[in-house]
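A.B. asks: The structure file target39.txt (compact mmCIF, C-alpha atoms) is provided below.
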# COMPACT_ATOMS: atom_id res chain seq x y z
CA MET A 22 5.79 11.15 27.55
CA PRO A 23 5.37 7.40 26.86
CA TYR A 24 6.09 5.09 29.78
CA THR A 25 4.14 2.01 28.76
CA VAL A 26 4.19 0.00 25.54
CA ALA A 27 0.51 0.72 24.88
CA VAL A 28 1.01 4.49 25.17
CA SER A 29 4.14 4.24 23.01
CA PHE A 30 2.26 2.47 20.23
CA GLU A 31 -0.42 5.16 20.30
CA ALA A 32 2.23 7.87 19.95
CA PHE A 33 4.00 5.87 17.23
CA TYR A 34 0.80 5.60 15.25
CA ASP A 35 0.19 9.34 15.55
CA ASN A 36 3.72 9.93 14.22
CA ILE A 37 3.25 7.88 11.04
CA ASN A 38 -0.45 8.23 10.29
CA LEU A 39 -1.81 10.30 7.45
CA GLY A 40 -4.72 11.74 9.38
CA GLY A 41 -7.75 13.68 8.22
CA ASP A 42 -10.26 13.28 5.46
CA HIS A 43 -8.63 13.80 2.06
CA ARG A 44 -11.61 12.85 -0.07
CA ALA A 45 -12.27 16.41 -1.20
CA THR A 46 -8.67 16.83 -2.35
CA ALA A 47 -8.70 13.41 -3.99
CA ASN A 48 -11.91 14.15 -5.89
CA SER A 49 -10.63 17.56 -6.98
CA ARG A 50 -7.33 16.13 -8.27
CA ARG A 51 -9.14 13.29 -10.02
CA ASP A 52 -11.46 15.75 -11.77
CA ASN A 53 -8.45 17.86 -12.70
CA VAL A 54 -6.68 14.86 -14.26
CA VAL A 55 -9.77 13.82 -16.21
CA ALA A 56 -10.22 17.35 -17.53
CA LYS A 57 -6.59 17.45 -18.69
CA LEU A 58 -6.80 14.07 -20.43
CA SER A 59 -10.26 14.51 -21.92
CA LYS A 60 -8.92 16.70 -24.68
CA ASP A 61 -7.03 13.70 -26.11
CA PHE A 62 -8.84 10.63 -24.78
CA SER A 63 -12.31 9.16 -24.59
CA ILE A 64 -12.60 8.33 -20.88
CA VAL A 65 -15.10 5.66 -19.86
CA ASP A 66 -14.65 5.98 -16.10
CA SER A 67 -12.24 7.28 -13.47
CA PHE A 68 -11.87 6.75 -9.74
CA SER A 69 -9.41 7.25 -6.90
CA THR A 70 -7.59 4.20 -5.64
CA GLY A 71 -4.43 3.37 -3.69
CA SER A 72 -3.54 3.75 -0.04
CA ILE A 73 -5.03 7.23 0.48
CA SER A 74 -8.49 6.13 -0.61
CA LYS A 75 -8.22 2.92 1.46
CA ASN A 76 -6.97 4.82 4.53
CA THR A 77 -3.76 2.76 4.69
CA ALA A 78 -1.37 5.60 3.79
CA LEU A 79 1.64 6.88 5.72
CA HIS A 80 2.14 10.56 6.50
CA GLY A 81 4.60 12.05 4.02
CA HIS A 82 4.83 8.92 1.88
CA ALA A 83 1.67 8.72 -0.19
CA ASP A 84 0.55 9.94 -3.57
CA LEU A 85 -2.96 9.80 -4.93
CA ASP A 86 -3.65 6.99 -7.40
CA VAL A 87 -6.27 7.65 -10.07
CA MET A 88 -7.39 4.91 -12.44
CA VAL A 89 -8.52 6.30 -15.77
CA VAL A 90 -10.47 3.82 -17.88
CA LEU A 91 -9.80 4.55 -21.54
CA ASN A 92 -11.91 3.54 -24.52
CA TRP A 93 -10.24 0.30 -25.59
CA SER A 94 -10.84 0.45 -29.33
CA LYS A 95 -9.70 4.08 -29.60
CA HIS A 96 -6.71 4.18 -27.29
CA ILE A 97 -5.50 0.69 -26.33
CA LYS A 98 -6.26 -1.75 -29.15
CA ASN A 99 -3.06 -2.82 -30.95
CA LYS A 100 -0.91 -0.74 -28.58
CA THR A 101 1.67 -1.95 -26.08
CA PRO A 102 1.55 -0.88 -22.42
CA THR A 103 4.59 1.31 -23.04
CA GLN A 104 2.83 3.06 -25.90
CA VAL A 105 -0.29 3.67 -23.82
CA LEU A 106 1.72 5.18 -20.97
CA GLN A 107 3.67 7.33 -23.41
CA SER A 108 0.45 8.61 -24.97
CA VAL A 109 -0.69 9.75 -21.52
CA ARG A 110 2.67 11.43 -20.92
CA ASP A 111 2.42 13.19 -24.26
CA SER A 112 -1.06 14.43 -23.43
CA LEU A 113 0.29 15.95 -20.21
CA ALA A 114 3.48 17.30 -21.80
CA GLU A 115 2.90 20.88 -20.63
CA TRP A 116 2.80 19.74 -16.99
CA ARG A 117 5.52 18.10 -14.92
CA ASN A 118 5.14 14.36 -15.32
CA ALA A 119 7.15 11.14 -15.35
CA VAL A 120 6.53 7.42 -15.61
CA ARG A 121 6.41 5.94 -12.12
CA LYS A 122 9.33 3.66 -11.26
CA ASN A 123 7.08 0.58 -11.21
CA GLY A 124 6.25 1.27 -14.85
CA GLN A 125 2.50 1.20 -14.29
CA ALA A 126 1.54 4.87 -14.01
CA VAL A 127 2.33 8.42 -15.05
CA THR A 128 2.99 10.74 -12.11
CA LEU A 129 1.64 14.26 -12.43
CA SER A 130 3.35 16.71 -10.08
CA TYR A 131 1.49 19.45 -8.22
CA GLU A 132 2.80 22.41 -6.26
CA THR A 133 1.09 21.07 -3.14
CA TRP A 134 0.67 17.54 -1.79
CA PRO A 135 -0.36 15.08 -3.13
CA ASP A 136 1.08 14.31 -6.54
CA VAL A 137 -1.14 12.06 -8.67
CA ASP A 138 -0.22 8.68 -10.13
CA ILE A 139 -2.38 8.24 -13.23
CA VAL A 140 -2.99 4.61 -14.15
CA PRO A 141 -4.47 4.31 -17.67
CA VAL A 142 -6.41 1.06 -17.94
CA SER A 143 -8.94 -0.81 -20.01
CA MET A 144 -11.73 -2.89 -18.52
CA THR A 145 -12.79 -6.46 -19.18
CA LEU A 146 -16.51 -7.25 -19.03
CA ASN A 147 -18.38 -10.52 -18.54
CA SER A 148 -21.36 -11.68 -20.59
CA LYS A 149 -23.67 -9.51 -18.45
CA GLY A 150 -21.68 -6.38 -19.15
CA GLN A 151 -20.22 -6.29 -15.63
CA VAL A 152 -16.58 -5.35 -15.02
CA THR A 153 -14.57 -8.43 -14.06
CA HIS A 154 -11.22 -6.64 -13.83
CA TYR A 155 -9.11 -3.77 -15.14
CA ASN A 156 -5.98 -4.18 -17.24
CA VAL A 157 -3.01 -2.19 -15.92
CA PRO A 158 -0.01 -1.46 -18.17
CA ASN A 159 3.39 -2.79 -17.11
CA SER A 160 6.01 -1.11 -19.25
CA HIS A 161 8.85 -3.14 -17.71
CA ASP A 162 7.85 -6.26 -19.63
CA ASN A 163 5.07 -4.84 -21.85
CA THR A 164 2.35 -6.98 -20.30
CA TRP A 165 -1.07 -6.16 -18.88
CA ILE A 166 -1.73 -6.86 -15.22
CA LYS A 167 -5.20 -7.82 -14.05
CA SER A 168 -6.38 -5.60 -11.21
CA ARG A 169 -9.53 -5.32 -9.11
CA PRO A 170 -8.88 -2.29 -6.89
CA LYS A 171 -12.50 -1.89 -5.82
CA SER A 172 -12.56 -5.51 -4.68
CA LEU A 173 -9.38 -4.98 -2.66
CA ALA A 174 -10.80 -1.85 -1.04
CA ALA A 175 -13.97 -3.76 -0.13
CA ALA A 176 -11.92 -6.61 1.35
CA ILE A 177 -9.92 -4.19 3.51
CA GLU A 178 -13.11 -2.52 4.69
CA ALA A 179 -14.68 -5.89 5.55
CA LYS A 180 -11.57 -7.06 7.39
CA SER A 181 -11.43 -3.77 9.29
CA THR A 182 -15.03 -4.35 10.38
CA GLU A 183 -14.08 -7.85 11.54
CA CYS A 184 -10.83 -6.93 13.28
CA GLY A 185 -11.55 -3.39 14.42
CA GLY A 186 -9.75 -0.13 13.69
CA ASN A 187 -6.40 -1.65 14.61
CA PHE A 188 -6.38 -3.60 11.34
CA ARG A 189 -5.54 -0.53 9.28
CA ARG A 190 -3.21 0.73 12.00
CA ILE A 191 -1.14 -2.46 11.85
CA ILE A 192 -0.95 -2.20 8.05
CA LYS A 193 0.48 1.31 8.42
CA MET A 194 2.98 0.16 11.06
CA ILE A 195 4.24 -2.63 8.82
CA LYS A 196 4.44 -0.24 5.87
CA HIS A 197 6.58 2.10 7.97
CA TRP A 198 8.81 -0.79 9.07
CA ASN A 199 9.17 -1.87 5.44
CA ARG A 200 10.04 1.66 4.35
CA ILE A 201 12.91 2.02 6.82
CA HIS A 202 14.19 -1.51 6.15
CA SER A 203 15.07 -1.11 2.44
CA ASP A 204 11.46 -0.90 1.19
CA TYR A 205 11.45 -4.34 -0.42
CA LEU A 206 7.70 -4.91 -0.31
CA SER A 207 5.05 -3.05 -2.27
CA SER A 208 2.16 -1.38 -0.45
CA TYR A 209 -0.23 -3.77 -2.18
CA HIS A 210 1.81 -6.78 -1.04
CA ILE A 211 1.65 -5.67 2.60
CA GLU A 212 -2.11 -5.14 2.41
CA VAL A 213 -2.59 -8.63 0.99
CA LEU A 214 -0.41 -10.13 3.73
CA ALA A 215 -2.59 -8.38 6.31
CA LEU A 216 -5.74 -9.75 4.69
CA LYS A 217 -4.26 -13.25 4.74
CA LEU A 218 -2.81 -13.15 8.26
CA LEU A 219 -5.03 -11.10 10.55
CA SER A 220 -8.44 -12.15 11.81
CA GLY A 221 -10.70 -11.67 14.78
CA ASN A 222 -10.11 -8.94 17.34
CA CYS A 223 -6.80 -7.12 16.70
CA ASP A 224 -6.83 -4.82 19.72
CA ALA A 225 -3.67 -6.31 21.31
CA THR A 226 -1.35 -4.21 19.17
CA SER A 227 2.06 -5.46 20.28
CA TRP A 228 1.01 -9.11 19.94
CA GLU A 229 -0.67 -8.57 16.56
CA VAL A 230 2.45 -6.85 15.19
CA HIS A 231 4.60 -9.75 16.38
CA TYR A 232 2.08 -12.20 14.96
CA PHE A 233 2.32 -10.46 11.58
CA PHE A 234 6.12 -10.70 11.52
CA ASP A 235 5.97 -14.33 12.61
CA ARG A 236 3.33 -15.65 10.21
CA ALA A 237 4.37 -13.55 7.20
CA ARG A 238 7.67 -15.41 6.94
CA ALA A 239 6.05 -18.52 5.47
CA LEU A 240 4.10 -16.45 2.93
CA LEU A 241 7.30 -14.72 1.80
CA GLN A 242 9.12 -17.94 1.01
CA ALA A 243 6.81 -19.09 -1.79
CA PRO A 244 4.75 -17.32 -4.50
CA LEU A 245 1.67 -15.66 -3.02
CA TYR A 246 -1.53 -15.68 -5.09
CA TYR A 247 -4.39 -13.29 -4.42
CA ASP A 248 -7.52 -12.55 -6.43
CA THR A 249 -6.24 -12.19 -10.01
CA GLY A 250 -2.56 -13.11 -9.84
CA PHE A 251 0.67 -13.41 -7.88
CA VAL A 252 1.30 -10.34 -5.73
CA ASP A 253 5.04 -10.93 -5.36
CA GLU A 254 6.20 -11.47 -8.94
CA TYR A 255 8.22 -8.26 -8.70
CA LEU A 256 10.55 -9.80 -6.08
CA SER A 257 13.81 -11.24 -7.33
CA ASN A 258 15.18 -14.30 -5.54
CA ALA A 259 17.78 -12.12 -3.86
CA ALA A 260 15.18 -9.57 -2.72
CA ARG A 261 12.92 -12.34 -1.43
CA ALA A 262 15.80 -13.77 0.61
CA GLU A 263 16.74 -10.36 2.02
CA VAL A 264 13.23 -9.36 3.04
CA THR A 265 12.72 -12.78 4.65
CA LYS A 266 15.88 -12.21 6.72
CA ARG A 267 14.54 -8.86 7.86
CA PHE A 268 11.26 -10.48 8.87
CA GLU A 269 13.20 -13.12 10.81
CA THR A 270 14.99 -10.39 12.75
CA ALA A 271 11.80 -8.43 13.38
CA ASN A 272 10.04 -11.59 14.52
CA SER A 273 12.76 -12.40 17.04
CA LEU A 274 12.96 -8.84 18.38
CA SER A 275 9.18 -8.40 18.59
CA LEU A 276 8.83 -11.64 20.54
CA ASP A 277 11.50 -10.44 22.99
CA ALA A 278 9.66 -7.12 23.33
CA TRP A 279 6.36 -8.86 23.97
CA PHE A 280 7.85 -11.14 26.65
CA ALA A 281 9.47 -8.12 28.31
CA THR A 282 5.99 -6.95 29.30
CA HIS A 283 4.09 -10.25 29.45
CA GLY A 284 6.62 -12.79 30.70
CA GLY A 285 6.58 -11.94 34.38
CA ASN A 286 7.99 -8.58 35.36
CA ALA A 287 6.52 -5.85 33.16
CA ASP A 288 9.70 -4.17 31.92
CA HIS A 289 8.24 -1.45 29.72
CA GLU A 290 11.53 0.40 29.43
CA ARG A 291 13.25 -2.62 27.89
CA ALA A 292 10.28 -3.42 25.68
CA ILE A 293 10.02 0.13 24.35
CA GLY A 294 13.74 0.07 23.59
CA ILE A 295 13.29 -3.09 21.50
CA TRP A 296 10.26 -1.75 19.65
CA ARG A 297 12.32 1.34 18.88
CA GLN A 298 14.99 -0.93 17.38
CA ILE A 299 12.31 -2.40 15.13
CA PHE A 300 10.51 0.79 14.11
CA GLY A 301 13.20 3.45 14.38
CA ASN A 302 12.93 6.92 15.85
CA LYS A 303 9.26 7.37 14.94
CA PHE A 304 8.63 5.01 17.86
CA PRO A 305 9.01 7.18 20.96
CA ALA A 306 11.79 6.56 23.46
CA TYR A 307 11.01 5.52 27.01
CA ALA A 308 10.43 8.29 29.53
CA SER A 309 9.57 7.73 33.18
Can I see the file as C-alpha cells?
C.D. replies:
Amino acid sequence: MPYTVAVSFEAFYDNINLGGDHRATANSRRDNVVAKLSKDFSIVDSFSTGSISKNTALHGHADLDVMVVLNWSKHIKNKTPTQVLQSVRDSLAEWRNAVRKNGQAVTLSYETWPDVDIVPVSMTLNSKGQVTHYNVPNSHDNTWIKSRPKSLAAAIEAKSTECGGNFRRIIKMIKHWNRIHSDYLSSYHIEVLALKLLSGNCDATSWEVHYFFDRARALLQAPLYYDTGFVDEYLSNAARAEVTKRFETANSLSLDAWFATHGGNADHERAIGIWRQIFGNKFPAYAS
C-alpha cells in the first residue's frame, strides 16, 4: 500500500490511465465507419484523432474520434454545419447514433468500448496542394472551426520527448481532476495548457502538478490563442470564473501538499491526505 507521495502518484496514475495499445481497435472502428459512410459519401481521407490516438485518454472516459474528410463540392458546398452533421446521421440511421453534445460530431454506438465520434470535415489546401487545416462543423452556431489535429498530435509527441513520459501522465491527471470538479474544461483545452506551461524535465510529479495549477490560472483569465484560433471560446464568463476558482483552490492545496514533504519534516501522511482532497478517491489513501 502507498506510504510515500511518489508511490501514491504511481498508484493514482495506474487507477486513471487507459493502458494498452488500442491502435488495432481504432483502425478497425475507423475502417468500419468509412465502410458505412462510403455508400452515401465520397470520402477523401479518414484518420483517428482525439485523446486515444494521442495517448492522453482516461480509463473509462474516452471515445474514439475519427475525422472523415468529405468531398467538398459534393457534400459540403452550400450546406451549413448542421446540415452536414444531419446528413451523416441520416446515413447511419440504421445504427445507434446521436450528435455529440459539443455539436461537432456524430457518435456511433457500439456494443463494446469504444464508441466512435465521427467528425465530418472538409480540408483547405494551400497553393502547393498541401493541407493547411480541416474545417470542423459547429452546429451550435453554424460556423466552421479550423482544426489541425495532426499538428497537435505532433506537438504533444515533441513535448513528451522534451519533458519525458511524465508529460502525458500529468495531462491525464489534470483531465481527471477536471472531470471530478464539474468538467469545465475541454480535453483539447487541457492539452494546450500543458503545451504552454510545461517544459524541460517533468519527472518531479508533485511539483509539476502544482506548477500546472499555479501557472494555468493566468491563462484562464484571458482568451487563449493556439495554432488556428481561441481554444476557450466555449467558456462563458461564469464558467471561466468558476473554473478559475477551482484552480485557485487546487493551487493552494497542492502547494501545501508539496511543502508537507519538502518543507522540513517529510509528512507523507498529511501530504497524501491533501492530494486525495484534490484528486478524490482514485488517489490512494495513506497506509503505513
A.B. asks: Quick one: which stretch 159-203 of chain A residues come within 9 Å of stretch 38-46 of chain A, and what is the nearest atom pair for each with the distance in Å to one decimal, counting only C-alpha atoms, rows ordered by chain and ascending number, as a Markdown table?
C.D. replies:
| residue | atom | partner | partner_atom | distance |
| --- | --- | --- | --- | --- |
| A:Arg190 | CA | A:Asn38 | CA | 8.2 |
| A:Lys193 | CA | A:Asn38 | CA | 7.2 |
| A:Met194 | CA | A:Asn38 | CA | 8.8 |
A.B. asks: Expressed in Å to a single decimal, how great is the separation between atom CA of A:Ala292 and atom CA of A:Arg236?
C.D. replies: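 We find that atom CA of A:Ala292 and atom CA of A:Arg236 lie 20.9 Å from each other.
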A.B. asks: Find the residue from A:Leu219, A:Val65, A:Val264, A:Ala126 that sits nearest to A:Asp204; use all atoms listed in the file when measuring.
C.D. replies: A:Val264
A.B. asks: Which one is closest to A:Thr25: A:Ala287, A:Leu79, A:Ile201, A:Leu276? Count all atoms listed in the file.
C.D. replies: A:Ala287
A.B. asks: Please determine, counting only C-alpha atoms, which residue among A:Trp279, A:Tyr307, A:Tyr232, A:Tyr34 has the shortest atom-to-atom distance to A:Asn187.
C.D. replies: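 With only C-alpha atoms as the atom set, the closest residue is A:Tyr34.
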A.B. asks: Near A:Pro141, within 8 Å and counting all atoms listed in the file, which residues show up once chain neighbours fewer than 3 positions away are dropped, as a PyMOL selection string?
C.D. replies: chain A and resi 88-91+105-106+109+126+157-158
A.B. asks: For A:Ala47, work out the shell of residues within 10 Å, counting only C-alpha atoms and skipping chain neighbours fewer than 3 positions away, then give it as JSON, numbers by chain.
C.D. replies: {"A": [42, 43, 44, 50, 51, 52, 53, 68, 69, 70, 73, 74, 84, 85, 86, 87, 135, 137]}
A.B. asks: For the atom pair atom CA of A:Ala262 and atom CA of A:Glu229, what is the interatomic distance in Å to one decimal place?
C.D. replies: 23.5 Å
A.B. asks: List the neighbours of A:Ile177 out to 10 Å using all atoms listed in the file; skip same-chain residues closer than 6 positions along the sequence, and give me the result as a list in words.
C.D. replies: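 Residues meeting the cut-off are Lys75, Asn76, Thr77, Lys171, Glu183, Phe188, Arg189, Glu212, Val213, Ala215 and Leu216 of chain A.
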A.B. asks: What is the atom CA of A:His210-atom CA of A:Asp248 distance in Å, reported with one decimal?
C.D. replies: 12.2 Å
A.B. asks: Residues near A:Trp165, anyone? I mean within 9 Å using all atoms listed in the file, not counting same-chain ones fewer than 4 positions away, as an mmCIF file with C-alpha atoms, in the coordinates of the input.
C.D. replies:
data_model
loop_
_atom_site.group_PDB
_atom_site.id
_atom_site.type_symbol
_atom_site.label_atom_id
_atom_site.label_comp_id
_atom_site.auth_asym_id
_atom_site.auth_seq_id
_atom_site.Cartn_x
_atom_site.Cartn_y
_atom_site.Cartn_z
ATOM 1 C CA THR A 101 1.670 -1.950 -26.080
ATOM 2 C CA PRO A 102 1.550 -0.880 -22.420
ATOM 3 C CA ASN A 156 -5.980 -4.180 -17.240
ATOM 4 C CA VAL A 157 -3.010 -2.190 -15.920
ATOM 5 C CA PRO A 158 -0.010 -1.460 -18.170
ATOM 6 C CA ASN A 159 3.390 -2.790 -17.110
ATOM 7 C CA SER A 160 6.010 -1.110 -19.250
#
A.B. asks: Which residue, A:Ser67, A:Ser227, A:Glu132, A:Ala243, has the smallest gap to A:Tyr155 when you use all atoms listed in the file?
C.D. replies: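 Ranked by minimum distance to A:Tyr155, first place goes to A:Ser67.
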A.B. asks: So, with only C-alpha atoms as the atoms that count, which of A:Gln242, A:Thr265, A:Thr145, A:Thr226 lies closest to A:Glu31?
C.D. replies: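 That would be A:Thr226, the residue with the smallest distance to A:Glu31.
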A.B. asks: Find the spatial neighbours of A:Phe30, counting all atoms listed in the file, within a cut-off of 10 Å - ignore same-chain residues fewer than 2 positions away - and output them as a PDB file with C-alpha atoms, in the coordinates of the input.
C.D. replies:
ATOM      1  CA  PRO A  23       5.370   7.400  26.860  1.00  0.00           C
ATOM      2  CA  THR A  25       4.140   2.010  28.760  1.00  0.00           C
ATOM      3  CA  VAL A  26       4.190   0.000  25.540  1.00  0.00           C
ATOM      4  CA  ALA A  27       0.510   0.720  24.880  1.00  0.00           C
ATOM      5  CA  VAL A  28       1.010   4.490  25.170  1.00  0.00           C
ATOM      6  CA  ALA A  32       2.230   7.870  19.950  1.00  0.00           C
ATOM      7  CA  PHE A  33       4.000   5.870  17.230  1.00  0.00           C
ATOM      8  CA  TYR A  34       0.800   5.600  15.250  1.00  0.00           C
ATOM      9  CA  ASP A  35       0.190   9.340  15.550  1.00  0.00           C
ATOM     10  CA  ASN A  36       3.720   9.930  14.220  1.00  0.00           C
ATOM     11  CA  MET A 194       2.980   0.160  11.060  1.00  0.00           C
ATOM     12  CA  THR A 226      -1.350  -4.210  19.170  1.00  0.00           C
ATOM     13  CA  SER A 227       2.060  -5.460  20.280  1.00  0.00           C
ATOM     14  CA  ILE A 293      10.020   0.130  24.350  1.00  0.00           C
ATOM     15  CA  TRP A 296      10.260  -1.750  19.650  1.00  0.00           C
ATOM     16  CA  PHE A 304       8.630   5.010  17.860  1.00  0.00           C
ATOM     17  CA  PRO A 305       9.010   7.180  20.960  1.00  0.00           C
TER      18      PRO A 305
END
A.B. asks: For each of A:Ser148, A:Ile139, A:Val252, A:Ser112, take the minimum atom-to-atom distance to A:Ser207, counting only C-alpha atoms, then give the residue where this is smallest.
C.D. replies: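 Among the listed residues, the smallest separation from A:Ser207 belongs to A:Val252.
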A.B. asks: Give the centre and edge lengths of an axis-aligned box, in Å to one decimal, that holds all listed atoms of stretch 104-120 of chain A with 4 Å on each side, as AutoDock Vina command-line options.
C.D. replies:
--center_x 3.0 --center_y 12.0 --center_z -20.4 --size_x 16.2 --size_y 25.8 --size_z 19.0
